[in-house]
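Shown next: my_file-v5.txt, containing compact mmCIF, C-alpha atoms.
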```txt
# COMPACT_ATOMS: atom_id res chain seq x y z
CA MET R 1 36.40 -23.63 -41.22
CA ASN R 2 38.92 -25.47 -39.01
CA SER R 3 38.83 -25.43 -35.20
CA THR R 4 41.67 -22.89 -34.95
CA SER R 5 39.89 -20.39 -37.21
CA SER R 6 36.61 -20.95 -35.37
CA PHE R 7 38.31 -20.34 -32.02
CA SER R 8 39.94 -17.14 -33.28
CA PHE R 9 36.65 -15.85 -34.69
CA ASN R 10 34.77 -16.59 -31.45
CA ARG R 11 37.47 -14.88 -29.42
CA TRP R 12 37.33 -11.86 -31.71
CA LEU R 13 33.52 -11.82 -31.47
CA ARG R 14 33.62 -11.93 -27.66
CA ALA R 15 36.15 -9.08 -27.66
CA VAL R 16 33.84 -6.97 -29.83
CA GLN R 17 30.88 -7.76 -27.58
CA ARG R 18 32.85 -6.74 -24.50
CA TRP R 19 33.90 -3.51 -26.21
CA MET R 20 30.30 -2.69 -27.18
CA ALA R 21 28.77 -3.69 -23.85
CA SER R 22 27.59 -0.97 -21.49
CA PRO R 23 30.03 -0.25 -18.66
CA ALA R 24 29.10 -1.64 -15.25
CA LEU R 25 29.46 1.21 -12.75
CA HIS R 26 30.39 -0.07 -9.29
CA GLY R 27 27.61 0.56 -6.79
CA GLU R 28 25.42 2.29 -9.38
CA ALA R 29 23.04 -0.48 -10.48
CA HIS R 30 20.08 1.94 -10.52
CA LEU R 31 21.75 3.86 -13.37
CA LYS R 32 21.92 0.86 -15.71
CA GLY R 33 19.10 2.02 -18.01
CA ARG R 34 20.65 5.45 -18.39
CA VAL R 35 24.10 3.98 -19.10
CA ASP R 36 22.65 1.54 -21.66
CA LEU R 37 20.95 4.39 -23.51
CA LEU R 38 24.06 6.58 -23.67
CA ASN R 39 26.20 3.62 -24.74
CA LEU R 40 23.74 2.77 -27.53
CA ILE R 41 23.66 6.37 -28.78
CA ILE R 42 27.44 6.69 -28.79
CA LEU R 43 28.04 3.37 -30.58
CA ILE R 44 25.50 4.06 -33.34
CA SER R 45 26.80 7.62 -33.72
CA LEU R 46 30.37 6.33 -33.99
CA ALA R 47 29.34 3.95 -36.78
CA ILE R 48 27.42 6.66 -38.65
CA THR R 49 30.21 9.22 -38.28
CA SER R 50 32.88 6.78 -39.45
CA LEU R 51 30.84 5.92 -42.54
CA SER R 52 30.22 9.62 -43.17
CA ILE R 53 33.95 10.33 -43.15
CA LEU R 54 34.50 7.50 -45.63
CA ALA R 55 31.70 8.80 -47.88
CA ILE R 56 33.13 12.33 -47.81
CA LEU R 57 36.58 11.07 -48.77
CA LEU R 58 35.15 8.98 -51.60
CA GLY R 59 32.98 11.82 -52.91
CA ASN R 60 33.82 13.80 -56.02
CA ASN R 61 33.65 17.16 -54.29
CA VAL R 62 35.41 16.91 -50.94
CA ARG R 63 34.71 19.93 -48.76
CA THR R 64 37.47 20.36 -46.20
CA ARG R 65 35.30 22.24 -43.72
CA THR R 66 32.68 19.48 -43.75
CA LEU R 67 35.33 16.83 -43.24
CA VAL R 68 36.83 18.80 -40.33
CA ILE R 69 33.42 19.10 -38.65
CA VAL R 70 32.72 15.38 -38.95
CA VAL R 71 36.21 14.42 -37.70
CA LEU R 72 35.84 16.73 -34.69
CA TRP R 73 32.47 15.14 -33.93
CA LEU R 74 34.12 11.71 -34.10
CA ILE R 75 36.70 12.86 -31.53
CA VAL R 76 33.91 14.16 -29.29
CA LEU R 77 32.13 10.80 -29.49
CA LEU R 78 35.30 8.90 -28.56
CA GLN R 79 35.86 11.22 -25.62
CA SER R 80 32.23 10.79 -24.55
CA TRP R 81 32.65 7.01 -24.75
CA HIS R 82 35.66 7.31 -22.42
CA LEU R 83 33.78 9.60 -20.01
CA LEU R 84 30.84 7.18 -19.94
CA ARG R 85 33.14 4.42 -18.71
CA SER R 86 34.41 6.79 -16.03
CA GLY R 87 30.87 7.31 -14.75
CA ASN R 88 30.46 10.96 -15.84
CA LEU R 89 26.89 10.50 -17.09
CA ASP R 90 25.76 14.11 -16.67
CA LEU R 91 28.75 15.41 -18.62
CA VAL R 92 28.20 12.85 -21.39
CA GLU R 93 24.54 13.87 -21.74
CA LEU R 94 25.53 17.54 -21.86
CA ILE R 95 28.19 16.91 -24.52
CA LEU R 96 25.90 14.78 -26.69
CA THR R 97 23.15 17.38 -26.47
CA ILE R 98 25.08 20.62 -27.01
CA VAL R 99 28.01 19.53 -29.20
CA PHE R 100 25.78 17.37 -31.40
CA PHE R 101 23.52 20.36 -32.06
CA ILE R 102 26.50 22.58 -32.84
CA ALA R 103 27.92 19.94 -35.20
CA ILE R 104 24.62 19.60 -37.09
CA THR R 105 24.26 23.36 -37.44
CA ALA R 106 27.87 23.76 -38.57
CA ALA R 107 27.44 20.96 -41.11
CA ASN R 108 24.28 22.62 -42.46
CA ILE R 109 26.08 25.95 -42.79
CA SER R 110 28.93 24.15 -44.55
CA GLN R 111 26.48 22.58 -47.01
CA GLY R 112 25.09 26.04 -47.77
CA SER R 113 21.44 24.95 -47.88
CA ILE R 114 18.75 23.39 -45.73
CA ARG R 115 17.83 21.25 -48.76
CA SER R 116 20.69 18.88 -47.95
CA THR R 117 20.04 15.66 -46.08
CA THR R 118 22.11 17.03 -43.19
CA THR R 119 19.07 19.07 -42.12
CA SER R 120 17.16 15.87 -41.39
CA ILE R 121 19.63 15.10 -38.58
CA TYR R 122 17.77 17.68 -36.46
CA VAL R 123 15.04 15.04 -36.20
CA LEU R 124 17.62 12.72 -34.69
CA TRP R 125 18.79 15.41 -32.29
CA VAL R 126 15.24 16.10 -31.08
CA ALA R 127 14.69 12.34 -30.54
CA LEU R 128 17.91 12.24 -28.51
CA VAL R 129 16.93 15.24 -26.37
CA VAL R 130 13.45 13.82 -25.74
CA THR R 131 14.90 10.46 -24.72
CA LEU R 132 17.35 12.09 -22.31
CA TYR R 133 15.16 14.86 -20.87
CA ARG R 134 11.59 13.67 -21.58
CA LEU R 135 8.89 16.40 -21.75
CA PRO R 136 11.22 19.39 -21.25
CA GLY R 137 13.41 17.94 -23.99
CA LEU R 138 10.42 17.66 -26.30
CA VAL R 139 9.50 21.32 -25.90
CA ILE R 140 13.01 22.75 -25.89
CA GLY R 141 14.36 20.47 -28.64
CA THR R 142 11.47 21.19 -30.99
CA CYS R 143 11.61 24.96 -30.46
CA ILE R 144 15.39 25.22 -30.81
CA SER R 145 15.60 23.07 -33.95
CA SER R 146 12.67 24.90 -35.54
CA LEU R 147 14.16 28.33 -34.86
CA THR R 148 17.56 27.17 -36.10
CA VAL R 149 16.14 25.92 -39.39
CA LEU R 150 14.26 29.22 -39.74
CA GLY R 151 17.53 31.08 -39.21
CA LEU R 152 19.27 28.92 -41.82
CA ILE R 153 16.45 29.63 -44.30
CA TRP R 154 16.89 33.35 -43.74
CA ALA R 155 20.69 33.06 -44.07
CA GLU R 156 20.38 31.08 -47.30
CA ASN R 157 17.93 33.55 -48.82
CA ALA R 158 20.20 36.43 -47.76
CA ARG R 159 23.12 34.64 -49.47
CA LEU R 160 25.09 34.50 -46.23
CA LEU R 161 25.86 30.79 -46.60
CA PRO R 162 28.52 29.22 -48.85
CA GLN R 163 27.59 28.06 -52.32
CA PRO R 164 25.38 25.00 -51.73
CA ASP R 165 26.47 21.53 -52.73
CA LEU R 166 23.32 19.54 -53.55
CA SER R 167 25.03 16.74 -55.43
CA VAL R 168 23.62 13.28 -54.73
CA GLY R 169 26.09 10.60 -53.70
CA VAL R 170 26.79 8.05 -51.01
CA ARG R 171 26.79 10.55 -48.14
CA PRO R 172 23.03 11.31 -48.18
CA TRP R 173 22.36 7.57 -48.15
CA ILE R 174 24.65 7.13 -45.12
CA ILE R 175 23.05 10.05 -43.29
CA LEU R 176 19.52 8.77 -43.87
CA THR R 177 20.51 5.21 -42.97
CA GLY R 178 22.06 6.50 -39.77
CA LEU R 179 18.91 8.45 -39.04
CA PHE R 180 16.84 5.29 -39.44
CA ALA R 181 19.28 3.22 -37.34
CA LEU R 182 19.48 5.60 -34.39
CA ASN R 183 15.74 6.22 -34.31
CA ALA R 184 15.22 2.45 -34.42
CA GLY R 185 17.76 2.06 -31.62
CA LEU R 186 15.98 4.65 -29.47
CA ALA R 187 12.63 2.96 -30.18
CA TYR R 188 14.12 -0.42 -29.23
CA TYR R 189 15.57 1.01 -26.02
CA THR R 190 12.24 2.63 -25.10
CA ASN R 191 10.45 -0.65 -25.79
CA GLN R 192 12.88 -2.56 -23.58
CA ILE R 193 12.49 -0.05 -20.76
CA THR R 194 8.70 -0.33 -21.01
CA ARG R 195 8.82 -4.11 -20.98
CA ARG R 196 11.11 -4.14 -17.95
CA ALA R 197 8.83 -1.67 -16.15
CA LEU R 198 5.76 -3.80 -16.89
CA ALA R 199 7.54 -6.96 -15.74
CA SER R 200 8.63 -5.21 -12.55
CA ALA R 201 5.08 -4.01 -11.93
CA GLU R 202 3.70 -7.51 -12.47
CA ASN R 203 6.25 -8.94 -10.05
CA GLU R 204 5.36 -6.27 -7.50
CA ILE R 205 1.65 -7.04 -7.85
CA GLU R 206 2.28 -10.77 -7.48
CA HIS R 207 4.47 -10.15 -4.44
CA ARG R 208 1.76 -8.02 -2.85
CA LYS R 209 -0.84 -10.70 -3.54
CA LEU R 210 1.33 -13.32 -1.86
CA SER R 211 1.98 -10.97 1.08
CA ASP R 212 -1.74 -10.23 1.48
CA GLU R 213 -2.56 -13.94 1.34
CA ALA R 214 0.10 -14.71 3.94
CA LEU R 215 -1.27 -11.92 6.13
CA ARG R 216 -4.81 -13.28 5.84
CA ILE R 217 -3.65 -16.77 6.75
CA SER R 218 -1.71 -15.38 9.71
CA GLU R 219 -4.76 -13.40 10.87
CA LYS R 220 -6.94 -16.50 10.64
CA ARG R 221 -4.46 -18.50 12.70
CA HIS R 222 -4.19 -15.82 15.36
CA ARG R 223 -7.96 -15.45 15.45
CA LEU R 224 -8.35 -19.21 15.87
CA LEU R 225 -5.84 -19.22 18.72
CA ALA R 226 -7.55 -16.25 20.37
CA ASP R 227 -11.03 -17.77 20.03
CA ASN R 228 -9.91 -20.96 21.79
CA ALA R 229 -7.73 -19.39 24.46
CA ARG R 230 -8.66 -19.69 28.14
CA ASP R 231 -7.45 -16.22 28.94
CA VAL R 232 -9.25 -13.11 27.80
CA ILE R 233 -7.63 -11.60 24.72
CA TRP R 234 -8.67 -8.31 23.21
CA THR R 235 -7.49 -5.82 20.63
CA MET R 236 -7.81 -2.09 21.02
CA GLU R 237 -7.67 0.62 18.34
CA LEU R 238 -5.61 3.76 18.66
CA ASP R 239 -8.67 5.76 19.69
CA GLY R 240 -9.25 3.42 22.64
CA THR R 241 -12.22 1.49 21.24
CA ILE R 242 -12.18 -2.30 21.60
CA SER R 243 -12.36 -4.06 18.24
CA TYR R 244 -12.13 -7.68 19.42
CA VAL R 245 -12.71 -9.66 22.61
CA SER R 246 -12.16 -13.42 22.83
CA PRO R 247 -15.14 -15.70 23.75
CA SER R 248 -13.51 -16.53 27.10
CA VAL R 249 -14.65 -13.16 28.39
CA GLU R 250 -18.09 -14.68 28.91
CA LEU R 251 -16.65 -17.20 31.39
CA VAL R 252 -14.57 -14.57 33.17
CA ARG R 253 -17.00 -11.62 33.34
CA GLY R 254 -20.33 -12.94 32.05
CA PHE R 255 -20.39 -10.66 28.99
CA THR R 256 -20.76 -12.00 25.49
CA PRO R 257 -18.01 -10.72 23.13
CA ALA R 258 -20.54 -8.39 21.45
CA GLU R 259 -21.60 -6.97 24.83
CA ALA R 260 -18.01 -6.69 26.01
CA MET R 261 -17.08 -4.56 23.02
CA GLN R 262 -19.63 -1.99 24.22
CA GLN R 263 -17.95 -1.72 27.64
CA THR R 264 -14.77 -0.08 28.84
CA MET R 265 -11.75 -2.19 29.49
CA GLU R 266 -12.10 -1.71 33.26
CA GLU R 267 -15.67 -2.98 33.11
CA ILE R 268 -14.71 -6.05 31.09
CA LEU R 269 -11.65 -7.41 32.84
CA THR R 270 -10.43 -7.69 36.34
CA PRO R 271 -6.71 -6.97 36.78
CA ASP R 272 -5.82 -10.59 37.47
CA SER R 273 -7.37 -11.69 34.15
CA LEU R 274 -5.37 -9.43 31.86
CA VAL R 275 -3.20 -11.13 29.22
```
Final structure tokens representation of the file:
Amino acid sequence: MNSTSSFSFNRWLRAVQRWMASPALHGEAHLKGRVDLLNLIILISLAITSLSILAILLGNNVRTRTLVIVVLWLIVLLQSWHLLRSGNLDLVELILTIVFFIAITAANISQGSIRSTTTSIYVLWVALVVTLYRLPGLVIGTCISSLTVLGLIWAENARLLPQPDLSVGVRPWIILTGLFALNAGLAYYTNQITRRALASAENEIEHRKLSDEALRISEKRHRLLADNARDVIWTMELDGTISYVSPSVELVRGFTPAEAMQQTMEEILTPDSLV
């Protein structure tokens, strides 16, 4: 490969990396993890959806309604990708959650049977909802997907769904591969978040250790200065009790520090000896 071709390839690669990179929202650094997650979900979903459209077009039995559903979902993903770069994170999460569920259910109805691989995408949807909404997402996502599948079973047995197409081709392979890829992506994201949290906690602990050590050294220095001062130095707690009196109090008032701590401040020091 000559230098010109290498330069063109590297420039193309950098352009792709910039396109795939998470958007940097101005003044919103604390939202980086959330943005990274949504960007990852959208990119993987775009790849899966594009391959699904290709598989449908190459299949022997092209169902128009299925193709329409997948194309509409592709448009939704592109719009979500645009909204993400505009900083509308809440709207993107809502679209991915609700529209994705509707698209899966519509695709299952179009297939005419829960025996198709499209049904397995509910697993992906639940993983998405859990990642976005944590424990509430786990409960709600599981219940909704379970009830939906139950409803599809009833509709299929009641012959309310179209004639099922259970032919095996490239599309099931793409759907399952996408399922593996997005679940792996979510697992990778979760692992990265955990690692960053652990690293942050370790840094915080180390910082606190250094701060405590610096405080102890500072206290020792102040104590040394107080112990060797000519003037009487004392510390008093909020409740008025004396917690420390410097040794010079014995020269000024004749009390040892231990005895002085049992006295009131007026009994220990004369006004002209206060520091």
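With only C-alpha atoms as the atoms that count, the residue of R:Thr97, R:Thr177, R:Gln192, R:Ser246 with the shortest distance to Leu38 in chain R is R:Thr97.
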Please return the centre and edge lengths, in Å to one decimal, of a box with edges along x, y and z that contains all listed atoms of range 82-88 of chain R, widened by 8 Å on every side, as lines of an AutoDock Vina configuration file.
```
center_x = 33.1
center_y = 7.7
center_z = -18.6
size_x = 21.2
size_y = 22.5
size_z = 23.7
```
Would you pick out the contacts of range 234-245 of chain R at 7 Å or less, using all atoms listed in the file, so that residues sharing its chain but fewer than 2 positions from it are not included, and give the list as a list in words?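 Selected residues are Val232, Pro247, Pro257, Ala260 and Met261 of chain R.
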What gap, in Å, lies between CA of Val71 in chain R and CA of Ile104 in chain R? 12.7 Å
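Reported to one decimal place, the separation of CA of Gly141 in chain R from CA of Leu51 in chain R is 26.0 Å.
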Pick from R:Glu93, R:Glu219, R:Glu250, R:Asp227, whichever lies nearest to Leu128 in chain R using only C-alpha atoms: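 Among the listed residues, R:Glu93 lies closest to Leu128 in chain R.
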Closest to Ala184 in chain R among R:Ala155, R:Leu124, R:Leu138, R:Leu74, using all atoms listed in the file?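 The answer is R:Leu124, which sits nearest to Ala184 in chain R.
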So, with only C-alpha atoms as the atoms that count, which of R:Asn228, R:Ser113, R:Ser45, R:Thr118 lies closest to Asn157 in chain R?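 Comparing R:Asn228, R:Ser113, R:Ser45, R:Thr118 against Asn157 in chain R, the winner is R:Ser113.
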Go ahead and compute the interatomic distance for CA of Ile69 in chain R and CA of Tyr133 in chain R, in Å to one decimal. 25.8 Å
Pick from R:Gln111, R:Gly185, R:Thr105, R:Leu78: nearest to Arg65 in chain R, with all atoms listed in the file counted?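 Smallest separation from Arg65 in chain R among the options: R:Gln111.
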Nearest to Ile102 in chain R among R:Leu135, R:Ile144, R:Glu206, R:Arg115, with distances taken over only C-alpha atoms: which residue is it?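 Ranked by minimum distance to Ile102 in chain R, first place goes to R:Ile144.
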